[in-house]
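For reference, data23.cif is printed below; it contains mmCIF, C-alpha atoms (C1' of nucleotides).
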data_entry
loop_
_atom_site.label_atom_id
_atom_site.label_comp_id
_atom_site.auth_asym_id
_atom_site.auth_seq_id
_atom_site.Cartn_x
_atom_site.Cartn_y
_atom_site.Cartn_z
CA MET A 90 138.49 97.27 135.55
CA SER A 91 140.40 96.73 132.35
CA TYR A 92 138.39 99.14 130.23
CA SER A 93 138.01 102.77 131.29
CA LYS A 94 134.78 104.69 131.27
CA GLU A 95 136.25 106.92 128.60
CA HIS A 96 136.87 103.91 126.43
CA LYS A 97 133.25 102.82 126.72
CA GLN A 98 132.05 106.30 125.87
CA ARG A 99 134.30 106.34 122.79
CA SER A 100 132.95 102.98 121.69
CA ARG A 101 129.41 104.12 122.18
CA LYS A 102 129.97 107.20 120.09
CA LYS A 103 131.61 105.17 117.33
CA ILE A 104 128.64 102.81 117.29
CA LEU A 105 126.19 105.72 117.10
CA GLN A 106 128.10 107.36 114.25
CA SER A 107 128.15 104.13 112.25
CA ALA A 108 124.51 103.43 113.01
CA TYR A 109 123.45 106.90 111.95
CA THR A 110 125.21 106.70 108.61
CA LEU A 111 124.06 103.18 107.85
CA PHE A 112 120.44 103.61 108.98
CA SER A 113 120.13 106.93 107.17
CA THR A 114 121.38 105.59 103.88
CA LYS A 115 119.98 102.05 103.94
CA GLY A 116 117.03 102.10 106.31
CA PHE A 117 116.30 100.23 109.51
CA HIS A 118 115.67 96.73 108.22
CA ALA A 119 118.42 96.73 105.63
CA VAL A 120 121.04 97.22 108.33
CA THR A 121 121.94 94.46 110.77
CA VAL A 122 123.48 94.91 114.19
CA ASN A 123 126.45 93.05 112.79
CA ASP A 124 126.80 95.58 109.95
CA VAL A 125 126.95 98.41 112.45
CA MET A 126 129.50 96.71 114.67
CA LEU A 127 131.70 95.66 111.77
CA ASP A 128 131.61 99.25 110.50
CA CYS A 129 133.22 100.43 113.71
CA SER A 130 135.45 97.39 114.08
CA LEU A 131 133.70 95.70 116.95
CA THR A 132 131.82 92.42 117.25
CA ARG A 133 128.16 91.56 117.62
CA GLY A 134 128.44 90.45 121.21
CA ALA A 135 129.85 93.77 122.40
CA PHE A 136 126.80 95.60 121.15
CA TYR A 137 124.58 94.63 124.05
CA ALA A 138 126.92 96.25 126.55
CA HIS A 139 125.82 99.57 125.04
CA PHE A 140 122.24 99.21 123.86
CA ARG A 141 119.33 97.07 124.89
CA SER A 142 118.19 96.25 121.36
CA LYS A 143 118.34 97.26 117.73
CA PRO A 144 115.25 99.50 117.95
CA ASP A 145 116.86 101.14 120.97
CA LEU A 146 119.95 101.87 118.88
CA TYR A 147 117.75 103.30 116.15
CA SER A 148 116.16 105.84 118.47
CA GLU A 149 119.49 106.78 120.00
CA ALA A 150 121.07 107.24 116.58
CA LEU A 151 118.23 109.53 115.56
CA ARG A 152 118.71 111.60 118.69
CA PHE A 153 122.47 111.62 118.11
CA SER A 154 122.02 112.93 114.59
CA ALA A 155 120.08 115.96 115.83
CA THR A 156 123.13 117.19 117.72
CA ASN A 157 125.36 116.65 114.70
CA SER A 158 123.27 118.28 112.01
CA GLU A 159 124.66 120.82 109.58
CA LEU A 160 121.61 123.02 110.12
CA ALA A 161 122.56 123.40 113.77
CA LYS A 162 125.98 124.85 112.91
CA LYS A 163 126.76 128.32 114.19
CA LYS A 164 126.46 131.26 111.82
CA PRO A 165 129.80 132.92 111.04
CA LYS A 166 129.83 136.46 112.41
CA GLU A 167 130.71 138.10 109.14
CA MET A 168 127.63 136.75 107.40
CA SER A 169 124.15 138.20 107.49
CA THR A 170 121.43 135.84 108.62
CA LYS A 171 119.91 135.94 105.14
CA GLU A 172 123.19 134.96 103.49
CA TRP A 173 123.65 132.22 106.05
CA LEU A 174 120.18 130.82 105.57
CA SER A 175 120.74 130.87 101.84
CA GLU A 176 123.96 128.93 102.31
CA LEU A 177 122.33 126.38 104.57
CA LEU A 178 119.54 125.74 102.08
CA ASP A 179 122.04 125.39 99.26
CA GLY A 180 123.90 122.82 101.29
CA TYR A 181 120.74 120.93 102.11
CA LEU A 182 119.64 120.90 98.49
CA SER A 183 122.98 119.79 97.11
CA THR A 184 124.03 116.53 95.50
CA GLU A 185 126.76 116.30 98.12
CA HIS A 186 124.11 116.11 100.79
CA VAL A 187 122.01 113.64 98.84
CA ASN A 188 124.95 111.32 98.26
CA GLY A 189 126.95 112.11 101.36
CA GLU A 190 127.61 110.31 104.62
CA LYS A 191 125.64 112.62 106.87
CA PRO A 192 122.24 112.80 105.23
CA CYS A 193 119.27 114.46 106.89
CA PRO A 194 117.38 111.79 108.82
CA LEU A 195 114.08 113.50 108.09
CA ALA A 196 114.40 112.68 104.44
CA PHE A 197 116.48 109.53 104.54
CA LEU A 198 115.66 107.44 107.53
CA ALA A 199 113.04 104.98 106.76
CA MET A 200 113.24 104.83 103.05
CA ASP A 201 114.10 101.36 102.09
CA ILE A 202 113.55 101.56 98.38
CA VAL A 203 117.22 102.33 97.98
CA SER A 204 117.93 98.81 99.14
CA GLN A 205 115.49 97.37 96.65
CA ASP A 206 116.56 96.01 93.30
CA ASP A 207 116.77 97.99 90.11
CA THR A 208 113.31 97.04 88.91
CA ALA A 209 111.70 98.61 91.94
CA LYS A 210 113.73 101.77 91.48
CA LYS A 211 112.65 102.01 87.86
CA ALA A 212 109.03 101.59 88.87
CA TYR A 213 109.43 104.37 91.41
CA ALA A 214 111.06 106.75 88.92
CA LEU A 215 108.28 106.05 86.45
CA THR A 216 105.62 106.86 89.02
CA TYR A 217 107.39 110.09 89.84
CA LYS A 218 107.66 111.08 86.20
CA ASN A 219 103.97 110.38 85.67
CA MET A 220 102.98 112.54 88.58
CA ASN A 221 104.93 115.49 87.24
CA LYS A 222 103.57 114.97 83.76
CA ILE A 223 99.97 114.91 84.93
CA ILE A 224 100.27 118.00 87.09
CA MET A 225 102.23 119.76 84.34
CA SER A 226 99.52 119.06 81.81
CA TYR A 227 96.82 120.49 84.08
CA ALA A 228 98.81 123.49 85.22
CA GLY A 229 99.90 124.35 81.70
CA ALA A 230 96.51 123.80 80.10
CA ASP A 231 95.67 127.46 79.62
CA ALA A 232 98.31 129.45 81.47
CA PRO A 233 101.95 128.81 80.62
CA CYS A 234 103.93 127.26 83.44
CA ASN A 235 107.52 126.19 83.65
CA GLU A 236 108.89 122.83 84.67
CA LYS A 237 110.86 124.19 87.62
CA GLU A 238 107.72 125.32 89.36
CA ILE A 239 106.13 121.92 88.95
CA LEU A 240 109.21 120.13 90.26
CA SER A 241 109.26 122.26 93.40
CA LEU A 242 105.52 121.77 93.79
CA THR A 243 105.71 117.98 93.64
CA SER A 244 108.67 117.94 96.01
CA MET A 245 106.68 119.98 98.47
CA ILE A 246 103.55 117.87 98.42
CA ILE A 247 105.50 114.61 98.54
CA GLY A 248 107.56 115.91 101.44
CA ALA A 249 104.46 117.15 103.25
CA VAL A 250 102.65 113.85 103.01
CA ALA A 251 105.77 111.89 103.92
CA VAL A 252 106.43 113.95 107.02
CA SER A 253 102.77 113.99 108.03
CA ARG A 254 102.81 110.23 108.06
CA MET A 255 105.47 110.22 110.73
CA ILE A 256 103.92 112.81 113.03
CA ASP A 257 101.38 111.69 115.59
CA ASP A 258 100.14 115.14 116.60
CA GLU A 259 97.01 115.73 114.54
CA SER A 260 97.05 119.54 114.84
CA VAL A 261 100.63 119.71 113.57
CA VAL A 262 99.72 117.54 110.59
CA LYS A 263 96.72 119.73 109.74
CA ASN A 264 98.95 122.79 109.90
CA ILE A 265 101.55 121.29 107.58
CA LEU A 266 98.96 120.24 105.02
CA ALA A 267 97.11 123.56 105.09
CA SER A 268 100.36 125.48 104.69
CA CYS A 269 101.30 123.47 101.65
CA ARG A 270 97.87 123.78 100.05
CA GLN A 271 98.22 127.54 100.37
CA GLN A 272 101.76 127.55 99.00
CA ALA A 273 100.71 125.30 96.12
CA ARG A 274 98.23 127.95 94.98
CA LEU A 275 100.89 130.60 95.23
CA ILE A 276 103.31 128.59 93.12
CA LEU A 277 100.68 128.00 90.47
CA GLY A 278 99.92 131.69 90.34
CA GLY A 279 96.77 131.92 92.36
CA ILE A 280 94.06 129.65 91.10
CA MET B 130 91.76 72.48 84.70
CA SER B 131 89.91 73.10 87.93
CA TYR B 132 90.73 76.80 88.19
CA SER B 133 89.89 79.11 85.32
CA LYS B 134 92.22 81.74 83.95
CA GLU B 135 89.79 84.36 85.12
CA HIS B 136 90.05 83.00 88.63
CA LYS B 137 93.83 83.27 88.58
CA GLN B 138 93.68 86.83 87.28
CA ARG B 139 91.23 87.75 90.01
CA SER B 140 93.50 86.24 92.64
CA ARG B 141 96.49 88.08 91.23
CA LYS B 142 94.67 91.38 91.34
CA LYS B 143 93.55 90.78 94.90
CA ILE B 144 97.13 90.02 95.92
CA LEU B 145 98.39 93.17 94.22
CA GLN B 146 95.74 95.31 95.91
CA SER B 147 96.57 93.93 99.34
CA ALA B 148 100.29 94.23 98.72
CA TYR B 149 99.96 97.84 97.58
CA THR B 150 98.03 98.89 100.64
CA LEU B 151 100.24 97.02 103.08
CA PHE B 152 103.58 97.97 101.56
CA SER B 153 102.53 101.61 101.22
CA THR B 154 101.46 101.94 104.80
CA LYS B 155 103.98 99.70 106.54
CA GLY B 156 107.00 99.44 104.26
CA PHE B 157 108.67 96.53 102.55
CA HIS B 158 110.31 94.78 105.47
CA ALA B 159 107.46 95.24 107.90
CA VAL B 160 105.13 93.24 105.66
CA THR B 161 105.51 89.49 105.20
CA VAL B 162 104.29 87.45 102.28
CA ASN B 163 101.98 85.78 104.75
CA ASP B 164 100.49 89.14 105.77
CA VAL B 165 99.65 89.88 102.17
CA MET B 166 98.09 86.50 101.50
CA LEU B 167 96.07 86.54 104.72
CA ASP B 168 94.82 90.01 103.79
CA CYS B 169 93.28 88.61 100.64
CA SER B 170 92.21 85.34 102.22
CA LEU B 171 94.74 83.03 100.60
CA THR B 172 97.64 81.03 101.97
CA ARG B 173 101.38 81.39 101.74
CA GLY B 174 101.90 78.49 99.41
CA ALA B 175 99.63 79.89 96.74
CA PHE B 176 101.72 83.03 96.48
CA TYR B 177 104.41 81.46 94.35
CA ALA B 178 101.95 80.51 91.63
CA HIS B 179 101.68 84.27 90.96
CA PHE B 180 105.03 85.86 91.78
CA ARG B 181 108.60 84.68 91.79
CA SER B 182 109.56 86.35 95.06
CA LYS B 183 108.68 89.06 97.54
CA PRO B 184 110.83 91.71 95.82
CA ASP B 185 109.09 90.78 92.59
CA LEU B 186 105.72 91.42 94.23
CA TYR B 187 106.99 94.75 95.51
CA SER B 188 107.85 95.96 92.02
CA GLU B 189 104.59 94.71 90.57
CA ALA B 190 102.57 96.38 93.33
CA LEU B 191 104.34 99.66 92.64
CA ARG B 192 103.51 99.37 88.96
CA PHE B 193 99.94 98.40 89.81
CA SER B 194 99.50 101.48 91.96
CA ALA B 195 100.39 103.77 89.06
CA THR B 196 97.33 102.61 87.15
CA ASN B 197 95.10 103.10 90.18
CA SER B 198 96.18 106.54 91.32
CA GLU B 199 93.74 109.31 92.12
CA LEU B 200 95.85 111.75 90.14
CA ALA B 201 95.24 109.74 86.99
CA LYS B 202 91.47 110.10 87.31
CA LYS B 203 89.67 111.81 84.44
CA LYS B 204 88.65 115.42 84.79
CA PRO B 205 84.86 115.94 84.89
CA LYS B 206 83.75 117.87 81.81
CA GLU B 207 81.99 120.60 83.76
CA MET B 208 85.16 121.60 85.59
CA SER B 209 87.92 123.85 84.33
CA THR B 210 91.41 122.40 84.42
CA LYS B 211 92.40 124.89 87.09
CA GLU B 212 89.51 123.93 89.32
CA TRP B 213 90.29 120.28 88.76
CA LEU B 214 93.97 120.67 89.55
CA SER B 215 93.03 122.55 92.68
CA GLU B 216 90.75 119.70 93.69
CA LEU B 217 93.41 117.08 93.02
CA LEU B 218 95.96 118.92 95.14
CA ASP B 219 93.46 119.32 97.94
CA GLY B 220 92.85 115.60 97.84
CA TYR B 221 96.54 114.81 97.86
CA LEU B 222 97.18 117.15 100.78
CA SER B 223 94.29 115.89 102.88
CA THR B 224 94.29 113.94 106.09
CA GLU B 225 92.10 111.38 104.34
CA HIS B 226 94.93 110.70 101.93
CA VAL B 227 97.54 110.61 104.66
CA ASN B 228 95.55 108.13 106.74
CA GLY B 229 93.77 106.34 103.93
CA GLU B 230 94.12 102.96 102.29
CA LYS B 231 95.40 104.19 98.95
CA PRO B 232 98.33 106.42 99.84
CA CYS B 233 100.68 107.81 97.23
CA PRO B 234 103.57 105.38 96.90
CA LEU B 235 105.97 108.23 96.21
CA ALA B 236 105.57 109.49 99.72
CA PHE B 237 104.74 106.32 101.58
CA LEU B 238 106.55 103.39 100.15
CA ALA B 239 109.80 102.80 101.84
CA MET B 240 109.23 104.61 105.03
CA ASP B 241 109.58 102.19 107.85
CA ILE B 242 109.63 104.61 110.72
CA VAL B 243 105.88 104.13 111.03
CA SER B 244 106.59 100.56 112.08
CA GLN B 245 109.06 101.68 114.68
CA ASP B 246 108.18 102.08 118.33
CA ASP B 247 106.94 105.27 119.92
CA THR B 248 110.37 106.39 121.08
CA ALA B 249 111.65 106.50 117.53
CA LYS B 250 108.62 108.46 116.39
CA LYS B 251 109.13 110.98 119.16
CA ALA B 252 112.77 111.36 118.17
CA TYR B 253 111.69 111.97 114.58
CA ALA B 254 109.08 114.56 115.52
CA LEU B 255 111.65 116.35 117.65
CA THR B 256 114.12 116.51 114.79
CA TYR B 257 111.43 117.90 112.54
CA LYS B 258 110.43 120.54 115.06
CA ASN B 259 114.06 121.58 115.49
CA MET B 260 114.53 121.99 111.77
CA ASN B 261 111.54 124.29 111.47
CA LYS B 262 112.62 126.25 114.52
CA ILE B 263 116.12 126.83 113.19
CA ILE B 264 114.98 127.92 109.74
CA MET B 265 112.25 130.05 111.26
CA SER B 266 114.75 131.87 113.46
CA TYR B 267 116.98 132.65 110.52
CA ALA B 268 114.21 133.64 108.16
CA GLY B 269 112.49 135.80 110.73
CA ALA B 270 115.68 137.46 111.98
CA ASP B 271 115.12 140.81 110.31
CA ALA B 272 112.19 140.38 107.96
CA PRO B 273 108.91 139.11 109.38
CA CYS B 274 107.94 135.69 108.11
CA ASN B 275 105.01 133.51 108.91
CA GLU B 276 105.01 129.91 110.05
CA LYS B 277 103.02 128.65 107.09
CA GLU B 278 105.73 129.65 104.67
CA ILE B 279 108.35 127.84 106.69
CA LEU B 280 106.25 124.68 106.91
CA SER B 281 105.81 124.57 103.15
CA LEU B 282 109.50 125.29 102.68
CA THR B 283 110.64 122.44 104.90
CA SER B 284 108.14 120.08 103.28
CA MET B 285 109.55 120.99 99.89
CA ILE B 286 113.20 120.50 100.75
CA ILE B 287 112.55 117.27 102.63
CA GLY B 288 110.49 115.95 99.75
CA ALA B 289 113.12 117.01 97.23
CA VAL B 290 115.94 115.24 99.02
CA ALA B 291 113.82 112.17 99.67
CA VAL B 292 112.81 111.82 96.03
CA SER B 293 116.31 112.59 94.78
CA ARG B 294 117.59 109.69 96.80
CA MET B 295 115.42 107.30 94.85
CA ILE B 296 116.19 108.57 91.37
CA ASP B 297 119.24 107.21 89.59
CA ASP B 298 119.29 109.72 86.73
CA GLU B 299 121.76 112.39 87.80
CA SER B 300 120.42 115.11 85.49
CA VAL B 301 116.89 114.68 86.84
CA VAL B 302 118.18 114.98 90.39
CA LYS B 303 120.11 118.14 89.56
CA ASN B 304 116.98 119.61 88.02
CA ILE B 305 114.84 118.83 91.05
CA LEU B 306 117.34 120.31 93.48
CA ALA B 307 117.91 123.47 91.40
CA SER B 308 114.16 124.00 91.04
CA CYS B 309 113.67 123.80 94.77
CA ARG B 310 116.58 126.12 95.54
CA GLN B 311 114.97 128.68 93.27
CA GLN B 312 111.53 128.19 94.79
CA ALA B 313 112.99 128.43 98.30
CA ARG B 314 114.26 131.93 97.55
CA LEU B 315 110.89 132.88 96.18
CA ILE B 316 109.11 131.65 99.28
CA LEU B 317 111.47 133.56 101.53
CA GLY B 318 110.85 136.70 99.54
CA GLY B 319 113.95 136.84 97.41
CA ILE B 320 117.11 136.73 99.46
"C1'" DG C 205 95.67 76.90 91.65
"C1'" DT C 206 95.48 76.28 96.26
"C1'" DC C 207 96.41 73.93 100.38
"C1'" DT C 208 99.47 71.90 104.47
"C1'" DA C 209 103.86 70.69 105.93
"C1'" DT C 210 108.65 71.39 105.89
"C1'" DA C 211 113.37 72.82 104.70
"C1'" DT C 212 116.58 76.57 105.30
"C1'" DT C 213 118.65 80.87 106.12
"C1'" DG C 214 119.43 85.18 108.29
"C1'" DG C 215 119.80 87.82 112.13
"C1'" DG C 216 118.52 89.34 117.01
"C1'" DA C 217 119.78 88.15 121.42
"C1'" DT C 218 122.25 85.42 125.27
"C1'" DA C 219 126.15 82.62 127.76
"C1'" DG C 220 130.48 82.29 129.27
"C1'" DA C 221 135.60 82.81 128.66
"C1'" DC C 222 139.10 86.36 128.90
"C1'" DG D 47 134.07 95.69 127.87
"C1'" DT D 48 134.92 92.71 124.32
"C1'" DC D 49 135.29 88.34 122.31
"C1'" DT D 50 133.53 83.55 120.39
"C1'" DA D 51 130.00 80.29 120.27
"C1'" DT D 52 125.34 79.31 120.50
"C1'" DC D 53 120.34 79.55 120.85
"C1'" DC D 54 116.10 80.63 118.74
"C1'" DC D 55 112.59 82.68 116.21
"C1'" DA D 56 110.71 84.77 112.07
"C1'" DA D 57 110.07 84.58 107.40
"C1'" DT D 58 111.28 83.15 102.54
"C1'" DA D 59 110.77 79.55 99.68
"C1'" DT D 60 109.88 74.61 98.30
"C1'" DA D 61 107.59 69.82 98.16
"C1'" DG D 62 103.83 67.26 97.53
"C1'" DA D 63 98.84 66.19 98.26
"C1'" DC D 64 94.27 67.49 96.52
#
Encoded form (structure tokens):
Amino acid sequence: MSYSKEHKQRSRKKILQSAYTLFSTKGFHAVTVNDVMLDCSLTRGAFYAHFRSKPDLYSEALRFSATNSELAKKKPKEMSTKEWLSELLDGYLSTEHVNGEKPCPLAFLAMDIVSQDDTAKKAYALTYKNMNKIIMSYAGADAPCNEKEILSLTSMIIGAVAVSRMIDDESVVKNILASCRQQARLILGGI
Amino acid sequence: MSYSKEHKQRSRKKILQSAYTLFSTKGFHAVTVNDVMLDCSLTRGAFYAHFRSKPDLYSEALRFSATNSELAKKKPKEMSTKEWLSELLDGYLSTEHVNGEKPCPLAFLAMDIVSQDDTAKKAYALTYKNMNKIIMSYAGADAPCNEKEILSLTSMIIGAVAVSRMIDDESVVKNILASCRQQARLILGGI
DNA sequence: GTCTATATTGGGATAGAC
DNA sequence: GTCTATCCCAATATAGAC
């Protein structure tokens, strides 16, 4: 045969890498099979020698990303686990991560508002601002509270609900929600 | 004219309500104009008497949802603001909200993994589980830490990154991320 | 303003040459 | 295994009757 097995494996990996980046940053529907193949310098037709369908590619890319995540990196020996965890969190919560080429699929896959026009983005930002304002006004009604606490609180509850939506296991969802309700009280200083 | 202005306004509102629910639960691309119109018992053709395009509807539905949010409800007079805030957060972090017909667009809009097949969902859940496991192992390495704290932590950082992705204003994004880094340390007991 | 019918495009998937 | 060419369906948007 004119193409070695190694060659096919290389191609497959290139396709997965391109798919992961594109899906993560643009979302499933905003990316075409052609986009993926062009990104790794192949053609549409070749795709089906590697994957059965576009949804199939999507699942494989998600699986692929798990093995390539920053969080899964090995801790350097000279660092304490606490320092290392701190460093990992800093990396996760950095603008480089948010704007980078290897975003966390948990947060990025599946959000297609980034591919919407500017008007939709503005509407989203407005909604977000409103939410913070409302919660801020309640939380700061009699006890003083700072903005940072509110921002972390809204991130948490938005993240919790977003993730819960994706998880089928009811008991896991209940656990996530209960944990965040408890933490919300802690952040607000024990209501 | 055979159709009153009131009739048109009613139709428009019905379309917006259907669009909001469908977009929020299924995502932009998974919902067709026809789906929306069928949901409110109209036909495709009539759509363009109300909106210029599907993206236009999307933006309008997002705006519409802001005026209909649970968070914007008025506080009952007999309740203290703290009690009321507590109640609002409980509502937001409830399974009823997660599975309901009026989900928060901040968390729901734009996530199209729910319209993916089961394999993709499983891959997502696995990734999520891994993330919690990794962070748990680091956080619990020498100090004891409980699962609930980790679950709220991962919700927060996922939510923060997800929201940041949608916001164009760089300074807002920086503020969100910094707030969550600070809160993360607090949750983990001050690293 | 709402309906039915239709034009048109984009993109997933297949066929067949190399 | 990869390429080019093609099929085909889904879905946006328009045209025209009522």
I'd like the neighbourhood of stretch 182-194 of chain B as a PyMOL selection string, where a residue qualifies if any of its atoms comes within 12 Å (using all atoms listed in the file), though same-chain residues fewer than 6 positions away should be ignored.
(chain A and resi 201-202+204-217+219) or (chain B and resi 141-153+156-158+160-166+173-176+200-201+230-235+237-239) or (chain D and resi 57-59)
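Closest approach to A:Val187 among B:Ser300, B:Ser133, B:Leu315, B:Arg294: B:Arg294, based on all atoms listed in the file.
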Can you turn the PyMOL selection byres ((chain B) within 9 of (chain C)) into a concrete residue list for this file, as number ranges by chain?
B: 131-133, 136-137, 171-172, 174-175, 178
The selected residues should be written to file as a compact mmCIF listing (two decimals), in the frame of the given file (atoms: C-alpha atoms).
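The new file out13.txt reads:
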# COMPACT_ATOMS: atom_id res chain seq x y z
CA SER B 131 89.91 73.10 87.93
CA TYR B 132 90.73 76.80 88.19
CA SER B 133 89.89 79.11 85.32
CA HIS B 136 90.05 83.00 88.63
CA LYS B 137 93.83 83.27 88.58
CA LEU B 171 94.74 83.03 100.60
CA THR B 172 97.64 81.03 101.97
CA GLY B 174 101.90 78.49 99.41
CA ALA B 175 99.63 79.89 96.74
CA ALA B 178 101.95 80.51 91.63
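The two atoms in question, atom CA of A:His186 and atom CA of A:Lys237, are spaced 20.4 Å apart.
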Counting all atoms listed in the file, which residues from chain D have an atom at most 8 Å from any atom of chain A, and could you show them as number ranges by chain?
D: 47-49
What separation in Å, quoted to one decimal, exists between atom CA of A:Gly248 and atom CA of A:Leu266?
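That distance, rounded to one decimal, is 10.3 Å.
For the choices B:Glu299, B:Lys262, B:Thr154, B:Tyr267, the atom-to-atom distance to A:Met168 is smallest for B:Tyr267 when using all atoms listed in the file.
Candidate residues B:Ala195, B:Lys258, B:Leu317, B:Phe180 were compared for distance to chain A, and the nearest is B:Ala195, using all atoms listed in the file.
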Looking at A:Val252, A:Arg270, A:Lys163, A:Ala196, which one is nearest to B:Leu217, with distances taken over all atoms listed in the file?
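Between A:Val252, A:Arg270, A:Lys163, A:Ala196, the residue approaching B:Leu217 most closely is A:Arg270.
Across the model, the gap from atom CA of A:Ala267 to atom CA of A:Asn221 is 21.1 Å.
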Counting all atoms listed in the file, what is within 9 Å of B:Thr224, bar same-chain residues fewer than 3 positions away, as a VMD selection string?
(chain A and resid 250 253 262 to 263 266) or (chain B and resid 220 to 221 227 to 229)
Please dump the current selection as a PDB file, in the coordinates of the input; keep C-alpha atoms.
ATOM      1  CA  VAL A 250     102.650 113.850 103.010  1.00  0.00           C
ATOM      2  CA  SER A 253     102.770 113.990 108.030  1.00  0.00           C
ATOM      3  CA  VAL A 262      99.720 117.540 110.590  1.00  0.00           C
ATOM      4  CA  LYS A 263      96.720 119.730 109.740  1.00  0.00           C
ATOM      5  CA  LEU A 266      98.960 120.240 105.020  1.00  0.00           C
TER       6      LEU A 266
ATOM      7  CA  GLY B 220      92.850 115.600  97.840  1.00  0.00           C
ATOM      8  CA  TYR B 221      96.540 114.810  97.860  1.00  0.00           C
ATOM      9  CA  VAL B 227      97.540 110.610 104.660  1.00  0.00           C
ATOM     10  CA  ASN B 228      95.550 108.130 106.740  1.00  0.00           C
ATOM     11  CA  GLY B 229      93.770 106.340 103.930  1.00  0.00           C
TER      12      GLY B 229
END
Result set, the PyMOL selection byres ((chain A and resi 228-230) around 12) on current file, as a ChimeraX atom specification:
/A:221-227,231-236,238-239,242,273-274,276-280 /B:209-215,217-218
Measuring atom to atom with all atoms listed in the file, identify which of B:Ile287, B:Glu135, B:Lys202, B:Asn197 is nearest to chain A.
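Looking only at the distances to chain A, the closest residue turns out to be B:Ile287.
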List, as a compact mmCIF listing (two decimals) with C-alpha atoms, in the coordinates of the input, every residue that the PyMOL selection byres ((chain B and resi 281) around 8) selects in the file provided.
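That gives us expr.txt:
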# COMPACT_ATOMS: atom_id res chain seq x y z
CA MET A 245 106.68 119.98 98.47
CA ALA A 249 104.46 117.15 103.25
CA ILE A 265 101.55 121.29 107.58
CA SER A 268 100.36 125.48 104.69
CA CYS A 269 101.30 123.47 101.65
CA GLN A 272 101.76 127.55 99.00
CA LYS B 277 103.02 128.65 107.09
CA GLU B 278 105.73 129.65 104.67
CA ILE B 279 108.35 127.84 106.69
CA LEU B 280 106.25 124.68 106.91
CA LEU B 282 109.50 125.29 102.68
CA THR B 283 110.64 122.44 104.90
CA SER B 284 108.14 120.08 103.28
CA MET B 285 109.55 120.99 99.89
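Minimum distance to chain A across B:Ala291, B:Lys206, B:Asp297, B:Tyr177 (counting all atoms listed in the file) occurs at B:Ala291.
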